[in-house]
Amino acid sequence: MKHRNTINICAVLIGCFLVCAVMAEPITVAPQYEQRYSSILGELRCLVCQNQTIAESNADLAIDLRVEVKNMLEKGATDSEIIDFMANRYGDFILYRPQLKPRTYPLWFGPFLLLAVVLLLLYFVVNRQSKDSNVKLTDEEKTQLNSILNQTEEKYTDD
Amino acid sequence: MIPEIGHFALIIALCLALVQTIVPLLGAQTNTSQWMAVAKPAARGQFLFIIIAFICLAYSFVKNDFSVFYVANNSNSALPLQYKISAIWGAHEGSLLLWSLMLSGWTFAVTIFSRSLPNDMVARVLAVMGFVSIGFLLFMLLTSNPFERIFPMPLEGKDLNPLLQDPGLVIHPPMLYMGYVGFSVAFAFAIAALLGGKLDSAWARWSRPWATFAWVFLTIGITLGSWWAYHELGWGGWWFWDPVENASFMPWLVGTALIHSLAVTEKRASFKSWTVLLAILAFSLSLLGTFLVRSGILVSVHAFATDPARGLYILIFLAIVIGGSLLLFALRAPYIKSIGHFDLFSRETALLLNNVLLLVVMFTILFGTLYPLFIDAFDMPSLSVGKPYFDLVFSVLMLPLLLVIGVGPFMRWKKATMKDVFKKLSKIAIVGLVIGIAFPYIVAGKTSILVAIGISLGGWSMAAAIYYLFKNTSRTDSGANILQHLKKIPRATYGMSIAHFGIGIFVVGVTFVSAFEQVKEIPMQVGQKIEMAGYMFELGGVEDIQGPNYSSKQATVNVYKNDRLVAKLLPEKRTYLVQKSPMTEAGIDTGFLRDVYVALGEEIDGNAWGMRLYYKPFIQWIWMGALLMAFGGLLAAFDRRYRLKLKREKQSAVPSSRKQRLAVTS
């Protein structure tokens with residue numbers, strides 16, 4: 001029985017997904033808006049689909065939103081005005097590019113902070129180990145080492 | 001009867017996996033060679049029985065045995081044969097079986113190609129792989145049995161998800177899984193080395209070709225997935241940063257770091273503990289990817305809860321494998337001594353930089369993928385993290401990596417000098433810049449700062465990769481004979497250059513397509529012509545056609561350039577009969593410099609059709625670049641020295657690692 005439920009839920013989910021996967025009806029915008037229109041659609045998430053932009057979805061909501069974007073563009077709204085309007089009306093969930101605010105600081109600064117920390121760490125670790133590398137070799141060992149190194153150099157092209 | 005045989009074969013395979021894990025491990029710890037010798041036959045037996053199970057499931061699919069629950073849910077008597085076969089891995093249970101099949105296949109390969117390895121090493125490696133196998137077989141038998149029967153038997157199956165009925169999906173998952181599972185070999189080598197306390201450069205050389213092969217498969221698998229999305233989804237996109245895609249990309253990033261770090265460990269005996277950690281991480285992410293994709297936690301948190309038993313099992317298994325290996329690592333790492341020392345300015349540092357950048361990218365993707373879940377968990381208003389975010393952060397983090405790709409190979413091991421490297425690379429940098437500035441003008445007639453940066457970096461990696469092959473010609477005495485020099489270069493060097501060249505191609509493709517692609521979404525009447533990007537699109541007509549398990553509307557779109565017909569595209573809109581779900585099949589004219597892509601939409605008011613027209617410059621370069629990377633990896637994995645080593649080691653019993661190194665070189 002439990003199994004059955006799982007399958008049913010899956011089927012519903014897949015069905016839902018498929019409805020969204022179909023190609024949508026075209027909404028034609030004037031040529032001067034085409035570029036901005038499609039880039040804005042790529043920023044907005046279809047709220048009732050699994051993981052799709054409103055450009056890709058054929059759900060009623062997505063079609064409404066496309067019309068809304070088109071109308072706002074034609075009324076002369078800027079890109080950020082449209083984005084803000086959508087976020088105000090539907091919440092941050094609709095934005096695929098999270099807006100910069102305390103809740104999203106980790107997203108926007110985390111990667112670069114991590115990179116900085118890791119690079120510093122790398123610098124110190126490498127520097128430290130290269131400093132205590134002054135192992136003393138006897139003369140005999142040195143000549144031996146040199147012959148090995150030369151041999152390696154010649155025959156073993158470094159890749 | 002047949003499904004029961006399959007079920008029973010799985011149980012026997014589980015028993016053999018238990019034997020393969022416990023006995024050789026005890027043997028290796030107590031140095032009992034008879035016990036260690038059990039590993040190989042047990043592993044081969046396990047492979048045999050999993051093959052039997054797999055064939056039984058395949059048979060049930062081909063024979064339309066809908067009394068098997070899994071078959072009834074994922075097949076249909078009208079499904080074409082090739083999709084009946086690929087339906088085996090079309091859903092959760094079957095993909096687990098495929099995973100197990102591949103794991104035992106890789107294990108089998110290890111039993112064949114491990115003759116030169118010390119017995120205790122082989123025993124431990126096979127035991128670790130056996131342990132992973134136990135986890136999967138038990139999971140299948142306890143919670144996800146593909147052979148479960150259903151009563152009363154349905155007369156017809158529910159059909160395979162139409163999204164999956166595409167040639168790309170026949171081979172994409174197996175390739176991806178070959179990659180995922182392949183990292184289990186490098187993982188097993190790492191754990192075996194930790195258990196045995198012997199982590200030398202010989203260890204690195206043993207695991208290196210395995211890791212590279214796995215990486216090659218994963219690269220091909222991801223490429224196929226991207227190519228499939230482009231063809232099948234009808235949106236002309238090639239990467240969506242969907243959680244499912246991210247789950248496959250993360251092990252790839254760590255795997256890339258791993259094959260670079262293994263190079264250092266093999267050649268310079270440095271980075272030992274780091275390499276071990278990467279091997280553990282690469283496989284852990286593969287496991288995570290396998291489970292998370294299928295369990296659905298990434299797409300929707302709630303899907304996970306639909307079967308608590310599965311969720312709990314997965315959590316426990318992951319905890320044991322990942323936690324256990326990290327614990328072992330923590331216990332043993334302090335005893336791992338890296339002997340090589342190197343300067344801050346050296347090839348070692350460059351490779352370390354490569355590793356660090358790749359890992360930062362990986363953590364960024366992991367973090368971005370999971371962040372919405374954290375937010376939900378803390379009851380804050382939900383947010384989304386998608387393509388615009390990932391595109392931006394990913395490209396910024398990739399810039400330094402692309403710079404290092406050019407520089408790294410030209411630095412000497414241990415200690416490089418600024419002057420030397422600068423002398424070699426200043427020309428390359430100029431070549432890159434010239435390409436970056438001139439190329440977009442030549443092919444597209446326009447450019448921007450971002451495009452110039454992208455193409456410069458792509459040109460830089462390509463130029464550096466080519467120059468690297470020729471850089472030693474001046475050193476050879478008879479500089480006249482370049483051909484001879486090129487012949488002497490080892491395959492691994494070619495492999496590296498080709499792979500780096502491939503990255504350059506990839507970057508050029510991505511840059512062009514994201515900057516200069518054009519799209520038009522428009523209703524078209526039959527006979528109407530639309531102009532875009534220098535091409536004239538004419539809708540020739542729309543007709544009904546009938547497929548084996550779908551009916552379809554097929555449009556004919558003639559594409560003209562300068563009044564000359566360049567392509568006749570046949571985009572389709574299919575409706576699959578059982579699941580009633582419409583799917584798009586894009587009509588694509590593929591070219592070296594551009595794709596023209598047409599998708600068919602709804603009928604409007606009975607006299608027009610919604611059409612979506614795309615012009616995609618250089619998009620094929622994306623997959624070409626990726627395939628070059630895979631090809632480079634393949635060449636490197638087949639390098640002569642791995643085979644020479646085999647021969648040498650057969651002659652001399654067990655030479656020390658240092659001796660082996662010399663044996664290869666002399």
# chains A, B, ... in the order shown; residues from 1 in each chain; ligands from 1
$ residues_around --residues "Gln129 (chain A)" --least-positions-apart "6" --cutoff "10 Å" --atoms "only C-alpha atoms" --output "list in words"
Gly340, His341, Phe342, Asp343 and Leu344 of chain B
$ residues_around --residues "Ile83 (chain A)" --least-positions-apart "2" --cutoff "12 Å" --atoms "only C-alpha atoms" --output "VMD selection string"
chain A and resid 36 to 37 39 to 45 65 68 to 69 72 to 73 77 to 81 85 to 99
$ closest_atom_pairs --of "chain B" --to "chain A" --cutoff "6 Å" --atoms "only C-alpha atoms" --output "Markdown table"
| residue | atom | partner | partner_atom | distance |
| --- | --- | --- | --- | --- |
| B:Thr306 | CA | A:Thr6 | CA | 5.8 |
| B:His341 | CA | A:Ser130 | CA | 5.6 |
| B:Phe342 | CA | A:Ser130 | CA | 5.2 |
| B:Asp343 | CA | A:Ser130 | CA | 5.2 |
| B:Leu344 | CA | A:Asn127 | CA | 5.9 |
| B:Thr364 | CA | A:Pro111 | CA | 5.6 |
| B:Ser382 | CA | A:Phe93 | CA | 5.3 |
| B:Leu383 | CA | A:Phe93 | CA | 3.9 |
| B:Ser384 | CA | A:Phe93 | CA | 5.0 |
| B:Val385 | CA | A:Tyr96 | CA | 5.1 |
| B:Gly386 | CA | A:Tyr96 | CA | 4.5 |
| B:Pro388 | CA | A:Arg97 | CA | 5.4 |
| B:Tyr389 | CA | A:Arg97 | CA | 4.9 |
| B:Thr493 | CA | A:Asp159 | CA | 5.0 |
| B:Glu521 | CA | A:Pro26 | CA | 5.5 |
| B:Ile522 | CA | A:Pro26 | CA | 5.5 |
| B:Met583 | CA | A:Val22 | CA | 6.0 |
| B:Gly601 | CA | A:Met23 | CA | 5.3 |
| B:Glu602 | CA | A:Glu25 | CA | 5.9 |
| B:Gly610 | CA | A:Pro26 | CA | 5.5 |
| B:Thr665 | CA | A:Tyr156 | CA | 5.8 |
$ residues_around --residues "Val507 (chain B)" --least-positions-apart "5" --cutoff "9 Å" --atoms "only C-alpha atoms" --output "PyMOL selection string"
chain B and resi 454-455+457-459+502+512+621-622+625
$ residues_around --residues "region 258-261 of chain B" --least-positions-apart "5" --cutoff "8 Å" --atoms "only C-alpha atoms" --output "ChimeraX atom specification"
/B:208,211-212,271,274-275,278-279,282,351-352,355
$ residues_around --residues "Tyr230 (chain B)" --least-positions-apart "6" --cutoff "10 Å" --atoms "only C-alpha atoms" --output "VMD selection string"
chain B and resid 224 236 to 239 586 588 597
$ residues_around --residues "Gly509 (chain B)" --least-positions-apart "3" --cutoff "8 Å" --atoms "only C-alpha atoms" --output "PyMOL selection string"
chain B and resi 505-506+512-513+617-622
$ atom_distance --atom1 "CA of Phe108 (chain B)" --atom2 "CA of Trp89 (chain B)"
21.2 Å
$ decode --residues "region 86-155 of chain A" --atoms "C-alpha atoms" --output "CSV table (one decimal), in the first residue's frame"
chain,number,residue,atom,x,y,z
A,86,MET,CA,7.7,40.4,-9.3
A,87,ALA,CA,9.6,39.8,-6.0
A,88,ASN,CA,7.1,42.1,-4.2
A,89,ARG,CA,4.1,40.3,-5.5
A,90,TYR,CA,5.3,36.7,-5.3
A,91,GLY,CA,8.2,36.7,-2.9
A,92,ASP,CA,11.9,36.0,-3.3
A,93,PHE,CA,11.1,32.4,-4.5
A,94,ILE,CA,10.4,33.7,-7.9
A,95,LEU,CA,13.9,35.1,-8.5
A,96,TYR,CA,16.5,32.7,-9.8
A,97,ARG,CA,19.1,35.4,-9.0
A,98,PRO,CA,18.7,36.0,-5.2
A,99,GLN,CA,18.7,39.7,-4.4
A,100,LEU,CA,21.5,41.0,-2.2
A,101,LYS,CA,20.2,41.2,1.4
A,102,PRO,CA,21.3,39.8,4.8
A,103,ARG,CA,19.6,36.5,4.1
A,104,THR,CA,21.6,36.0,0.9
A,105,TYR,CA,25.0,37.4,2.1
A,106,PRO,CA,26.3,33.8,2.5
A,107,LEU,CA,25.4,33.1,-1.1
A,108,TRP,CA,27.0,36.2,-2.6
A,109,PHE,CA,30.0,36.5,-0.3
A,110,GLY,CA,30.6,32.9,0.8
A,111,PRO,CA,32.3,31.6,-2.3
A,112,PHE,CA,34.7,34.6,-2.5
A,113,LEU,CA,35.4,34.6,1.2
A,114,LEU,CA,36.1,30.8,1.0
A,115,LEU,CA,38.4,31.4,-1.9
A,116,ALA,CA,40.3,34.1,-0.1
A,117,VAL,CA,40.7,32.0,3.1
A,118,VAL,CA,41.8,29.0,1.1
A,119,LEU,CA,44.4,31.0,-0.9
A,120,LEU,CA,45.8,32.5,2.2
A,121,LEU,CA,46.0,29.0,3.8
A,122,LEU,CA,47.7,27.7,0.7
A,123,TYR,CA,50.2,30.5,0.8
A,124,PHE,CA,51.2,29.8,4.4
A,125,VAL,CA,51.3,26.0,4.1
A,126,VAL,CA,53.4,26.0,0.9
A,127,ASN,CA,55.7,28.7,2.3
A,128,ARG,CA,56.2,26.8,5.5
A,129,GLN,CA,57.0,23.5,3.9
A,130,SER,CA,59.3,25.1,1.4
A,131,LYS,CA,61.3,26.7,4.3
A,132,ASP,CA,62.0,23.5,6.2
A,133,SER,CA,63.1,21.7,3.0
A,134,ASN,CA,66.7,22.5,3.6
A,135,VAL,CA,67.7,18.9,4.1
A,136,LYS,CA,71.4,18.5,4.3
A,137,LEU,CA,72.8,15.9,1.8
A,138,THR,CA,76.3,14.5,1.8
A,139,ASP,CA,78.4,15.1,-1.3
A,140,GLU,CA,78.0,11.5,-2.4
A,141,GLU,CA,74.2,11.7,-2.1
A,142,LYS,CA,74.3,15.0,-4.1
A,143,THR,CA,76.1,13.5,-7.0
A,144,GLN,CA,73.8,10.4,-6.9
A,145,LEU,CA,70.8,12.7,-6.8
A,146,ASN,CA,72.1,14.8,-9.7
A,147,SER,CA,72.7,11.7,-11.9
A,148,ILE,CA,69.2,10.5,-11.2
A,149,LEU,CA,67.7,13.8,-11.9
A,150,ASN,CA,69.6,14.2,-15.1
A,151,GLN,CA,68.5,10.8,-16.2
A,152,THR,CA,64.9,11.5,-15.4
A,153,GLU,CA,65.1,14.8,-17.2
A,154,GLU,CA,66.3,13.2,-20.4
A,155,LYS,CA,64.2,10.1,-20.6
